[in-house]
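Enquirer: This is the structure, below, for whatever I ask next.
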Amino acid sequence: MFSLILSTAVRYLFPLMLLFSVFLLLRGHNEPGGGFVGGLVVAAAFSFYAIAFGVPAARRTLGIDPRALIGIGLLVAIASGLVSVFLGLPFMTGLWAEPTLPVLGKVGTPLLFDVGVYLTVIGMMLTILFTLAEE
Amino acid sequence: MSLLASVLSGFLLALLAPIVVRLARERAGWLLALLPAGLTVYFIRLLEPVAAGQTVAVSYPWVPSMGVSFSFYVDGLSLLFALLICGIGTLVVIYAGSYLYKHPHLGRFYLYLLSFMASMLGLVLADNGLTMFVFWELTSLTSFLLIGFEHERESARAAALQALLVTGAGGLALLAGLVLLGQAGGSQEFSALLRGGRAVQNHPLYLPILLLVLAGAFTKSAQFPFHFWLPGAMEAPTPVSAYLHSATMVKAGVYLLARLSPVLGGSEVWHYLVTGAGTATMLLGALIALWQTDLKRLLAYSTVSTLGALTLLLGLDTVLSVKAATLFLLAHTLYKGALFLVAGAVDHETGTRDVTRLGNLSRTMPVTAVAAGLAALSMAGLPPMLGFINKELLYEAKLHAPHAALWVTGAGVLASIFLVVVAGTVGLAPFFRRRADLPKKPHEAPPEMLLGPVVLSGMSLFCGLFPETVANPLLSGAVSAVRAEATMVKLKLWPGINPVFALSVATLVTGAGLYAAQGTVRRAGVLGNAVGRFGPQRWYAWLLAGLNGLASAQTRLLQHGYLRLYLMTIILTTVGLVGSALLLSGDGIGPMGGIADVRFHEWVIAGLILLGALMAVTTSSRLAAAAALSVIGYGVAFIYMLFSAPDLAMTQFAVETLTVILFVLVVYRLPRFAALSSRRARIRDAGVALLAGGLMTMLVLAATVVPREPHLAAFFAQNSWLLAKGRNVVNVILVDFRSLDTLGEITVLGVAAIGVYALLRLRSDDHFESDRHLKEKGEECSR
């Protein structure tokens, strides 16, 4: 089921959506956004890609099994909570690095945690979407 | 400290055992036996100090709020058991190295066996009731693993499960009993309970406590009517039968009775229940043993009989009966351990355990024959073996029983006569009978397998000749602990001519006569089969079948497989519970006021949502239904936006988009809606849907009445920037203030994704088959 309009549109939309998702993730701490909605946007981008070019192509572009992303995301989220444990503080105490980075702004464990949420949501949505589409 | 190490070192070695086996294949048994041997020495060195009244104890807080501590202490009783566990353990570990030499899972075997040893040590050394219970259950579990060790055989698996279910059920009763006992006695520690004496017996909970504790002890020690699991447990490799199901684990129930008899014992109920169960078990076990032909089953039933006798003695609750019980414990472990190990060696060398085929082995297996002969003499109660002294003491205790002495003595003599026959069949016939029909040409057993029988039967002889060596301080200490007063045990090999001696002689003569007429006895085996057919083994089978039947009946009732019925059940339950809570709470609901304030575009969005809902339920195209549902979703997202919740709105938009994509992927290959439901069913569904909608409306209106918590919003608004350095309060709550919740949620998401994946992928052809089968069945039912 090849559609010229869809595939051309996706070619332009796909990178934009990915960029937008990173934007949502990073601004989430101060403005509307965050890891959850960012992850959903990535999932939407990949599902458009899968509809336009097929699931195998989408999987190749993703480059990693979405199931692994679930695990990686959870590990990142837990690791962000463990940082404080190694410093003798309670689990999941928010820590912030002092100097702010140019693009990222303030960097701290809550941001790392949000990255974990982001990856888990991507992994979860794409696991379901790809599996359903391959049925 | 060293006491704690003595318990826990076994678990540590168990974990290392597979590595040791891999590295030191042939010598693994000898190497691993170093630990139990060392522990034996450690406990022997404790004998004198403990007899002198010194207490050895350690205690660590575990759950202090519930009075649970990880505590151990040593007295004469636990020391006797600890010595048996470690001593027999040493011999069995060495023996098993040779017995299972070629077995591919020898490492695993040692893992289980050593874990069991450590659990059993923990059981007898524990001071706290709940700590003891943990080890009690661990022995049941390790026993399960060991009985089912050759798990390729179905009979082994069934026997393992049976043993686990019976002892596990008893364990649950015991747990309840121990908790109640802790409440009634004011402490979970046995040492404190023992100091309190028999005061607990005036407590109103005494009877329930006693019944529950006895249920635990009787199942574990295979008392009638729970005895049937023990012969089944003979599916285990022979070293296990010798160790767990003769020398140690099955005596845990006896240990518990002895341990608690200074607290619970002595009452009339105790006397009737314990003595009664003990007598029945003793007679039944000895009787059934008569017509067994399998060496191990013979020994198993005679063990059942012995366990009954031990229980009987503890039920009598006199100084004499306790003395007899401790001596019997020792004597039985020595001769029965030897006989089991001999049975294993015979099986190993000849390839059969059938006593009707075995014979003539004294020439080819002379050392084994001597060991077996000595053990059999001790079992039959002939001088100068320890078994003889033991039988004298048994009869004396029974003759002096406080109630029904005549009956108890008569039963004891009868059981002993049967056991004389069993001793002859097991210990003498395979070696000295002329006829033989062996599948394999026998050789003498290897030294590892000779050590155990020789040492054990040698000790039966030595202790018989010099009984004072075991009487003090070993048995005196144990009796003092059970009687809760200092008691000296004096043993003599030759007590002189008296009524007891006359009984002993009569037992032997009758037993020998019966042994000679054995062919006739075995032909009476029909009776035994009848007992087997209608006995408790059958009840167990019925109970198990009933349980499975109940489970499948309720599964058929609840898990019918109709999605619409599941949905209806869930919705109606929710409406019922939440609705009744709402009505009963008596809080008013808010007025539907403020309609005039609704602006025009808000009306439009609300109208669109309603239209979408109508469309979704009336359309006959799945794609249209999906689109209509997303109209509802987008409409709700718009409302979020209008009421300044941009985060929520954005997420809702993304979710809606993905939902449509999901629907499109699925709908693509489904047929059009068909009108499957009748008109009545549709009206019913509409009613259910209206109920759910009505409930949600009520909930929203009720929520408007609840006063908002102004300080919560104020807290987050203030501290979001100060503490968490973020201005988006929603996101700060998600990733910082309540990040643990979020972690839980994303974990659930991950699990859900894996679940969906599994449902979609792991669908094989059989599932289709069973689906169709179910559907056909359903149609039959609906007709």
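Letters A, B, ... go to the chains of the structure tokens in the order shown; residues in each chain start at 1; ligands are counted from 1 in the same order.
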Quick check for you: according to DSSP on this backbone, which residues of stretch 477-592 of chain B are classed as helix (DSSP H, G or I)? Reply as a count of residues only.
Expert: 87
Enquirer: With a cut-off of 6 Å and counting only C-alpha atoms, select all residues of chain B in contact with chain A and give the selection as a ChimeraX atom specification.
Expert: /B:647,651,654,665,726-728,731,735-736,750,753
Enquirer: Go ahead and dump the residues you just picked, N, CA and C atoms, as a compact mmCIF listing (two decimals), in the first residue's frame.
Expert:
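For reference, part.txt as written:
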# COMPACT_ATOMS: atom_id res chain seq x y z
N ASP B 647 -0.37 20.83 29.38
CA ASP B 647 0.35 19.56 29.42
C ASP B 647 -0.58 18.39 29.15
N THR B 651 -0.67 15.85 25.83
CA THR B 651 -0.56 14.40 25.97
C THR B 651 -1.79 13.72 25.38
N ALA B 654 -1.60 13.59 21.64
CA ALA B 654 -0.67 12.55 21.18
C ALA B 654 -1.28 11.17 21.34
N LEU B 665 -4.64 0.12 12.23
CA LEU B 665 -3.86 -1.10 12.00
C LEU B 665 -4.71 -2.34 12.25
N GLY B 726 12.23 24.12 38.65
CA GLY B 726 11.45 24.00 37.42
C GLY B 726 10.21 24.86 37.54
N ARG B 727 9.77 25.42 36.43
CA ARG B 727 8.59 26.29 36.51
C ARG B 727 7.32 25.54 36.11
N ASN B 728 7.46 24.43 35.36
CA ASN B 728 6.28 23.66 34.97
C ASN B 728 5.90 22.71 36.11
N ASN B 731 5.11 18.96 35.39
CA ASN B 731 6.26 18.13 35.08
C ASN B 731 7.16 17.94 36.30
N VAL B 735 8.42 14.32 37.65
CA VAL B 735 9.80 13.82 37.62
C VAL B 735 10.56 14.09 38.90
N ASP B 736 9.99 14.86 39.82
CA ASP B 736 10.77 15.14 41.02
C ASP B 736 9.99 14.84 42.29
N GLY B 750 5.74 -0.70 30.79
CA GLY B 750 6.63 -1.69 30.19
C GLY B 750 6.03 -3.09 30.27
N ALA B 753 3.23 -3.50 27.83
CA ALA B 753 3.71 -3.67 26.45
C ALA B 753 4.16 -5.11 26.23
Enquirer: Taking 3 positions as the minimum chain separation for residues in the same chain, which residues sit within 10 Å of B:Leu180 when counting only C-alpha atoms? Answer as number ranges by chain.
Expert: B: 174-177, 183-186, 188, 205-206, 208-210, 212-213
Enquirer: Emit the selected residues as a PDB file, in the first residue's frame, including C-alpha atoms.
Expert:
ATOM      1  CA  LEU B 174       1.621 -25.050  62.988  1.00  0.00           C
ATOM      2  CA  LEU B 175       2.206 -21.405  62.067  1.00  0.00           C
ATOM      3  CA  ALA B 176      -1.210 -20.474  63.397  1.00  0.00           C
ATOM      4  CA  GLY B 177      -0.563 -22.555  66.519  1.00  0.00           C
ATOM      5  CA  GLN B 183       0.086 -14.581  72.356  1.00  0.00           C
ATOM      6  CA  ALA B 184      -1.098 -16.905  75.102  1.00  0.00           C
ATOM      7  CA  GLY B 185       2.355 -17.458  76.564  1.00  0.00           C
ATOM      8  CA  GLY B 186       3.541 -13.890  76.220  1.00  0.00           C
ATOM      9  CA  GLN B 188       7.707 -16.256  70.935  1.00  0.00           C
ATOM     10  CA  LEU B 205      -6.867 -20.682  73.622  1.00  0.00           C
ATOM     11  CA  TYR B 206      -5.119 -23.800  74.922  1.00  0.00           C
ATOM     12  CA  PRO B 208      -6.909 -24.534  69.573  1.00  0.00           C
ATOM     13  CA  ILE B 209      -3.179 -24.091  70.153  1.00  0.00           C
ATOM     14  CA  LEU B 210      -2.743 -27.755  70.990  1.00  0.00           C
ATOM     15  CA  LEU B 212      -2.890 -26.712  65.576  1.00  0.00           C
ATOM     16  CA  VAL B 213       0.539 -27.632  66.898  1.00  0.00           C
TER      17      VAL B 213
END
Enquirer: Find the residue from A:Ser84, A:Tyr49, A:Pro66, A:Leu4 that sits nearest to A:Met17; use only C-alpha atoms when measuring.
Expert: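 Ranked by minimum distance to A:Met17, first place goes to A:Tyr49.
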